[in-house]
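**Student:** Here you go, one structure.
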Amino acid sequence: MPSAERLEAFIAAVESGAHAEAIENYYTEDATMRENQSEPRRGRSTLVAHEQAVLERTASVVSSCVRPVLVNGDHVVIRWVFDFRFKNGKAMRMEELAWQRWEGERIAQEEFFYDPAQAKPA
């Protein structure tokens, strides 16, 4: 179960734009991440590489946690809003729920739930 301080530090890292660094610092080495029940990505290094590839296509991303954050033991649900500006000039706003299972002070499993129609840049 994450401490309140550790969870707030994770949220602050994401909101500051340190997305790949947040994965490095807050996920277990063998963490999994999946989107809308697709096949999960496995391993922290894979998760970091995927995040860096996404960020390489962006000019900017503004990340916001919509509170309250729901915590029940090792399980956390965060509502995120991401405003992307891509290098090609397009923009995209994504709102999603992130369901997380923590092992102590690190995220071991994360699943994102969102409307896939949002994933099409405007």
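Naming works like this for the structure tokens: A, B, ... for the chains as they're shown, residue 1 at the start of each chain, ligands 1 onward in shown order.
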As a PyMOL selection string, which residues of chain A does DSSP assign to helix (DSSP H, G or I)?
**Tutor:** chain A and resi 4-15+19-26+44-56+116-119
**Student:** Looking only at the backbone, which of the residues in chain A does DSSP tag as strand (DSSP E or B), as a ChimeraX atom specification?
**Tutor:** /A:27-35,41-42,58-72,75-86,91-103,106-113
**Student:** Quick one: write out the picked residues with C-alpha atoms as a CSV table (one decimal), in the first residue's frame?
**Tutor:**
```csv
chain,number,residue,atom,x,y,z
A,27,TYR,CA,7.1,1.3,-10.9
A,28,THR,CA,8.4,-2.2,-10.0
A,29,GLU,CA,11.0,-3.7,-12.3
A,30,ASP,CA,8.5,-6.2,-13.6
A,31,ALA,CA,5.5,-3.8,-13.8
A,32,THR,CA,2.8,-4.2,-16.4
A,33,MET,CA,0.8,-1.6,-18.1
A,34,ARG,CA,-2.2,-2.1,-20.5
A,35,GLU,CA,-4.7,0.1,-22.2
A,41,ARG,CA,3.4,-4.1,-21.9
A,42,ARG,CA,5.8,-5.8,-19.5
A,58,THR,CA,5.0,15.7,-28.7
A,59,ALA,CA,5.9,19.4,-28.5
A,60,SER,CA,4.2,19.6,-25.1
A,61,VAL,CA,1.9,17.7,-22.8
A,62,VAL,CA,0.0,19.1,-19.8
A,63,SER,CA,-1.0,16.4,-17.3
A,64,SER,CA,-3.7,17.0,-14.6
A,65,CYS,CA,-5.0,14.8,-11.9
A,66,VAL,CA,-8.7,15.2,-11.3
A,67,ARG,CA,-9.4,14.6,-7.7
A,68,PRO,CA,-10.4,12.8,-5.6
A,69,VAL,CA,-7.9,10.0,-6.0
A,70,LEU,CA,-9.5,6.7,-4.9
A,71,VAL,CA,-7.4,4.5,-2.6
A,72,ASN,CA,-8.4,1.1,-1.2
A,75,HIS,CA,-5.4,-0.3,-5.2
A,76,VAL,CA,-5.5,3.2,-6.5
A,77,VAL,CA,-7.7,4.9,-9.2
A,78,ILE,CA,-6.6,8.2,-10.7
A,79,ARG,CA,-8.6,10.3,-13.2
A,80,TRP,CA,-6.1,12.0,-15.5
A,81,VAL,CA,-6.6,14.6,-18.2
A,82,PHE,CA,-3.7,15.0,-20.8
A,83,ASP,CA,-3.5,17.8,-23.2
A,84,PHE,CA,-1.1,16.9,-26.0
A,85,ARG,CA,0.4,19.3,-28.6
A,86,PHE,CA,2.2,17.2,-31.2
A,91,ALA,CA,-3.6,18.5,-30.6
A,92,MET,CA,-5.3,15.9,-28.5
A,93,ARG,CA,-7.1,15.9,-25.2
A,94,MET,CA,-7.3,12.5,-23.4
A,95,GLU,CA,-9.2,11.8,-20.3
A,96,GLU,CA,-8.7,8.4,-18.7
A,97,LEU,CA,-9.0,6.4,-15.5
A,98,ALA,CA,-5.8,4.6,-14.4
A,99,TRP,CA,-6.4,1.6,-12.1
A,100,GLN,CA,-3.2,0.7,-10.3
A,101,ARG,CA,-2.1,-2.1,-8.0
A,102,TRP,CA,0.8,-1.1,-5.8
A,103,GLU,CA,3.3,-3.4,-4.1
A,106,ARG,CA,5.8,1.0,-6.2
A,107,ILE,CA,3.2,0.4,-8.9
A,108,ALA,CA,3.2,-3.3,-10.1
A,109,GLN,CA,0.2,-3.2,-12.4
A,110,GLU,CA,-1.6,-0.4,-14.2
A,111,GLU,CA,-4.6,-0.4,-16.5
A,112,PHE,CA,-5.9,2.6,-18.4
A,113,PHE,CA,-9.6,2.9,-19.4
```
**Student:** Which residues are close to region 20-26 of chain A, i.e. within 6 Å by only C-alpha atoms, leaving aside same-chain residues fewer than 2 positions away? Reply as a list of chain:residue names.
**Tutor:**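 What passes the distance filter is A:Ala13, A:Ala18, A:Val48, A:Glu51, A:Arg106.
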**Student:** Expressed in Å to a single decimal, how great is the separation between CA of Asn88 (chain A) and CA of Glu56 (chain A)?
**Tutor:**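 Straight-line distance from CA of Asn88 (chain A) to CA of Glu56 (chain A) works out to 11.5 Å.
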**Student:** Please compute the CA of Glu105 (chain A)-CA of Leu47 (chain A) distance, one decimal, in Å.
**Tutor:**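 Separating CA of Glu105 (chain A) from CA of Leu47 (chain A) is a distance of 17.8 Å.
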**Student:** To one decimal in Å, tell me the separation between CA of Gly17 (chain A) and CA of Leu55 (chain A).
**Tutor:**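 Atom-to-atom, CA of Gly17 (chain A) to CA of Leu55 (chain A), that is 9.8 Å.
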